[in-house]
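S.K.: My structure file target_8.pdb, PDB, C-alpha atoms, pLDDT in the B column, is below:
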```pdb
ATOM      1  CA  MET A   1     236.799  -4.937 -37.356  1.00 91.00           C
ATOM      2  CA  ALA A   2     233.325  -3.468 -36.881  1.00 91.00           C
ATOM      3  CA  TYR A   3     233.797  -3.345 -33.080  1.00 92.00           C
ATOM      4  CA  LYS A   4     237.133  -1.546 -33.441  1.00 92.00           C
ATOM      5  CA  LEU A   5     235.559   0.980 -35.789  1.00 93.00           C
ATOM      6  CA  LEU A   6     232.652   1.506 -33.403  1.00 94.00           C
ATOM      7  CA  ALA A   7     234.977   1.988 -30.393  1.00 95.00           C
ATOM      8  CA  LYS A   8     237.063   4.521 -32.331  1.00 94.00           C
ATOM      9  CA  SER A   9     233.927   6.406 -33.355  1.00 95.00           C
ATOM     10  CA  LYS A  10     232.586   6.451 -29.771  1.00 95.00           C
ATOM     11  CA  LYS A  11     235.890   7.773 -28.434  1.00 95.00           C
ATOM     12  CA  LYS A  12     235.994  10.545 -31.047  1.00 95.00           C
ATOM     13  CA  SER A  13     232.393  11.518 -30.269  1.00 96.00           C
ATOM     14  CA  HIS A  14     233.100  11.548 -26.522  1.00 95.00           C
ATOM     15  CA  GLN A  15     236.148  13.799 -26.990  1.00 95.00           C
ATOM     16  CA  ASN A  16     234.133  16.197 -29.147  1.00 94.00           C
ATOM     17  CA  ASN A  17     231.296  16.380 -26.575  1.00 94.00           C
ATOM     18  CA  LYS A  18     233.813  17.007 -23.780  1.00 91.00           C
ATOM     19  CA  ARG A  19     235.446  19.806 -25.775  1.00 92.00           C
ATOM     20  CA  LEU A  20     232.061  21.480 -26.346  1.00 91.00           C
ATOM     21  CA  TYR A  21     231.083  21.124 -22.666  1.00 85.00           C
ATOM     22  CA  ASP A  22     234.407  22.469 -21.408  1.00 84.00           C
ATOM     23  CA  LYS A  23     234.101  25.500 -23.676  1.00 87.00           C
ATOM     24  CA  LYS A  24     231.120  26.779 -21.636  1.00 84.00           C
ATOM     25  CA  ASP A  25     232.206  25.394 -18.262  1.00 79.00           C
ATOM     26  CA  ARG A  26     233.059  27.879 -15.503  1.00 80.00           C
ATOM     27  CA  THR A  27     235.041  26.974 -12.449  1.00 82.00           C
ATOM     28  CA  ARG A  28     233.201  27.954  -9.290  1.00 85.00           C
ATOM     29  CA  ASN A  29     234.759  28.106  -5.857  1.00 90.00           C
ATOM     30  CA  PHE A  30     232.899  28.753  -2.649  1.00 92.00           C
ATOM     31  CA  GLU A  31     234.287  29.299   0.812  1.00 92.00           C
ATOM     32  CA  VAL A  32     232.783  28.214   4.133  1.00 92.00           C
ATOM     33  CA  ASN A  33     229.997  30.626   5.233  1.00 90.00           C
ATOM     34  CA  ASP A  34     229.281  31.796   1.674  1.00 91.00           C
ATOM     35  CA  LEU A  35     225.592  32.116   0.800  1.00 93.00           C
ATOM     36  CA  VAL A  36     224.392  30.173  -2.232  1.00 94.00           C
ATOM     37  CA  TYR A  37     221.214  29.244  -4.076  1.00 94.00           C
ATOM     38  CA  LEU A  38     220.449  25.621  -4.976  1.00 94.00           C
ATOM     39  CA  TYR A  39     219.165  24.584  -8.419  1.00 93.00           C
ATOM     40  CA  THR A  40     216.478  21.890  -8.393  1.00 88.00           C
ATOM     41  CA  PRO A  41     215.112  21.326 -11.918  1.00 82.00           C
ATOM     42  CA  VAL A  42     212.559  18.629 -10.979  1.00 76.00           C
ATOM     43  CA  THR A  43     208.952  19.796 -10.965  1.00 68.00           C
ATOM     44  CA  LYS A  44     206.049  18.408  -9.007  1.00 67.00           C
ATOM     45  CA  CYS A  45     203.145  16.996 -10.962  1.00 69.00           C
ATOM     46  CA  ASP A  46     200.692  19.722  -9.972  1.00 67.00           C
ATOM     47  CA  LEU A  47     202.922  22.697 -10.877  1.00 65.00           C
ATOM     48  CA  ARG A  48     203.082  24.209 -14.305  1.00 72.00           C
ATOM     49  CA  LYS A  49     206.517  24.919 -15.687  1.00 71.00           C
ATOM     50  CA  LYS A  50     206.056  28.683 -15.715  1.00 74.00           C
ATOM     51  CA  PHE A  51     205.106  28.793 -12.018  1.00 73.00           C
ATOM     52  CA  ARG A  52     207.975  26.753 -10.623  1.00 77.00           C
ATOM     53  CA  HIS A  53     211.027  28.255  -8.943  1.00 82.00           C
ATOM     54  CA  PRO A  54     214.084  26.150  -9.787  1.00 86.00           C
ATOM     55  CA  TRP A  55     216.467  28.206  -7.584  1.00 90.00           C
ATOM     56  CA  THR A  56     215.795  27.794  -3.864  1.00 89.00           C
ATOM     57  CA  GLY A  57     217.551  29.170  -0.869  1.00 83.00           C
ATOM     58  CA  PRO A  58     219.557  30.806   0.415  1.00 90.00           C
ATOM     59  CA  PHE A  59     221.801  28.132   1.876  1.00 94.00           C
ATOM     60  CA  LYS A  60     225.077  28.518   3.740  1.00 94.00           C
ATOM     61  CA  VAL A  61     228.172  26.542   2.746  1.00 95.00           C
ATOM     62  CA  THR A  62     229.273  24.661   5.854  1.00 94.00           C
ATOM     63  CA  LYS A  63     231.998  22.408   4.469  1.00 94.00           C
ATOM     64  CA  LYS A  64     234.017  22.003   1.283  1.00 94.00           C
ATOM     65  CA  LEU A  65     234.311  18.257   0.744  1.00 94.00           C
ATOM     66  CA  SER A  66     236.229  18.495  -2.545  1.00 92.00           C
ATOM     67  CA  ASP A  67     236.540  20.885  -5.476  1.00 88.00           C
ATOM     68  CA  LEU A  68     233.218  19.565  -6.796  1.00 90.00           C
ATOM     69  CA  ASN A  69     231.141  18.716  -3.693  1.00 95.00           C
ATOM     70  CA  TYR A  70     229.977  21.023  -0.927  1.00 96.00           C
ATOM     71  CA  GLU A  71     227.908  20.560   2.199  1.00 96.00           C
ATOM     72  CA  ILE A  72     225.238  23.239   2.553  1.00 95.00           C
ATOM     73  CA  THR A  73     222.814  24.040   5.357  1.00 94.00           C
ATOM     74  CA  SER A  74     219.376  25.624   5.047  1.00 91.00           C
ATOM     75  CA  MET A  75     217.988  28.244   7.403  1.00 88.00           C
ATOM     76  CA  ASN A  76     216.123  25.591   9.384  1.00 88.00           C
ATOM     77  CA  GLY A  77     219.344  23.625   9.988  1.00 88.00           C
ATOM     78  CA  LYS A  78     219.010  20.783   7.484  1.00 92.00           C
ATOM     79  CA  SER A  79     222.229  19.968   5.657  1.00 93.00           C
ATOM     80  CA  GLN A  80     222.894  18.193   2.376  1.00 95.00           C
ATOM     81  CA  VAL A  81     225.799  17.464   0.050  1.00 96.00           C
ATOM     82  CA  VAL A  82     225.500  18.887  -3.475  1.00 95.00           C
ATOM     83  CA  HIS A  83     227.593  19.206  -6.620  1.00 93.00           C
ATOM     84  CA  VAL A  84     229.064  22.593  -7.487  1.00 92.00           C
ATOM     85  CA  ASN A  85     227.091  22.714 -10.775  1.00 89.00           C
ATOM     86  CA  ARG A  86     223.852  23.070  -8.775  1.00 91.00           C
ATOM     87  CA  LEU A  87     225.030  26.152  -6.830  1.00 93.00           C
ATOM     88  CA  LYS A  88     225.229  29.856  -7.556  1.00 92.00           C
ATOM     89  CA  ARG A  89     226.420  32.620  -5.286  1.00 91.00           C
ATOM     90  CA  ALA A  90     223.967  34.806  -3.358  1.00 89.00           C
ATOM     91  CA  TYR A  91     225.378  38.297  -2.987  1.00 87.00           C
ATOM     92  CA  ASP A  92     222.926  39.776  -0.482  1.00 81.00           C
ATOM     93  CA  SER A  93     224.170  38.748   2.969  1.00 76.00           C
ATOM     94  CA  GLU A  94     221.094  40.191   4.713  1.00 76.00           C
ATOM     95  CA  ILE A  95     218.789  37.475   3.356  1.00 79.00           C
ATOM     96  CA  TRP A  96     220.274  34.881   5.736  1.00 76.00           C
ATOM     97  CA  LYS A  97     217.949  34.727   8.723  1.00 76.00           C
ATOM     98  CA  PRO A  98     218.187  31.295  10.336  1.00 73.00           C
ATOM     99  CA  GLU A  99     215.308  30.079  12.476  1.00 71.00           C
ATOM    100  CA  GLN A 100     215.909  30.552  16.180  1.00 68.00           C
ATOM    101  CA  LYS A 101     215.202  27.508  18.307  1.00 63.00           C
ATOM    102  CA  SER A 102     213.203  28.591  21.299  1.00 58.00           C
ATOM    103  CA  GLU A 103     213.889  26.942  24.608  1.00 59.00           C
ATOM    104  CA  ILE A 104     210.828  25.749  26.468  1.00 61.00           C
ATOM    105  CA  PRO A 105     211.376  25.711  30.264  1.00 58.00           C
TER
END
```
Any chance you could put this one into structure tokens?
M.R.:
Amino acid sequence: MAYKLLAKSKKKSHQNNKRLYDKKDRTRNFEVNDLVYLYTPVTKCDLRKKFRHPWTGPFKVTKKLSDLNYEITSMNGKSQVVHVNRLKRAYDSEIWKPEQKSEIP
């Protein structure tokens, strides 16, 4: 009986937490070639919290893998797959200046 009571309590708590999360949740959609910033909350050991920059970028969306996952590419050509919760739109299109690869003869 104790296990049934515990399972019922866990389910009720989970539903309440989901309701509270969904209240603040915003649906974000990005298209291919949109510019975005990437959120990286992890800090390095030598940086103080007030000097870190959690939003990096800009990155360009290269592929929409699903409604929640996107493939983004940095200006130096490195790509990675990230969740939509770590992205926010960059509105200034003039900040995208990819590195030009020079050809050596």
S.K.: So what does the PyMOL selection byres ((chain A and resi 27) around 12) actually pick up in this one, as a PyMOL selection string?
M.R.: chain A and resi 22-26+28-30+67-68+84-85+87-88
S.K.: List as an MDAnalysis selection string the protein and nucleic acid residues near A:Ser74, meaning an atom at most 8 Å away when only C-alpha atoms are counted, but skip any in the same chain fewer than 6 places from it.
M.R.: chainID A and resid 57:60 98
S.K.: Quick one: which residues end up in the PyMOL selection byres ((chain A and resi 56) around 9) for this structure, as a PyMOL selection string?
M.R.: chain A and resi 37-40+53-55+57-59
S.K.: Applying 7 Å and all atoms listed in the file, which residues near A:Tyr70 remain after dropping the ones on its own chain fewer than 2 positions away? List them as a JSON list (two decimals) with C-alpha atoms, in the frame of the given file.
M.R.:
```
[["chain", "number", "residue", "atom", "x", "y", "z"],
["A", 61, "VAL", "CA", 228.17, 26.54, 2.75],
["A", 63, "LYS", "CA", 232.00, 22.41, 4.47],
["A", 64, "LYS", "CA", 234.02, 22.00, 1.28],
["A", 65, "LEU", "CA", 234.31, 18.26, 0.74],
["A", 66, "SER", "CA", 236.23, 18.50, -2.54],
["A", 68, "LEU", "CA", 233.22, 19.57, -6.80],
["A", 72, "ILE", "CA", 225.24, 23.24, 2.55],
["A", 81, "VAL", "CA", 225.80, 17.46, 0.05],
["A", 82, "VAL", "CA", 225.50, 18.89, -3.48],
["A", 83, "HIS", "CA", 227.59, 19.21, -6.62],
["A", 84, "VAL", "CA", 229.06, 22.59, -7.49]]
```
S.K.: One number please: atom CA of A:Gly77 to atom CA of A:Leu35, in Å, one decimal.
M.R.: 14.0 Å
S.K.: Please determine, counting only C-alpha atoms, which residue among A:Asn16, A:Arg89, A:Glu94, A:Glu99 has the shortest atom-to-atom distance to A:Met75.
M.R.: A:Glu99
S.K.: Atom CA of A:Ser93 and atom CA of A:Lys50 are how many Å apart?
M.R.: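 Between atom CA of A:Ser93 and atom CA of A:Lys50 the gap is 27.9 Å.
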S.K.: Could you work out how far atom CA of A:Ala90 lies from atom CA of A:Asn69, giving the answer in Å with one decimal?
M.R.: 17.6 Å
S.K.: Using all atoms listed in the file, which residue out of A:Thr73, A:Gln80, A:Gln15, A:Ser9 lies closest to A:Val32?
M.R.: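 Smallest separation from A:Val32 among the options: A:Thr73.
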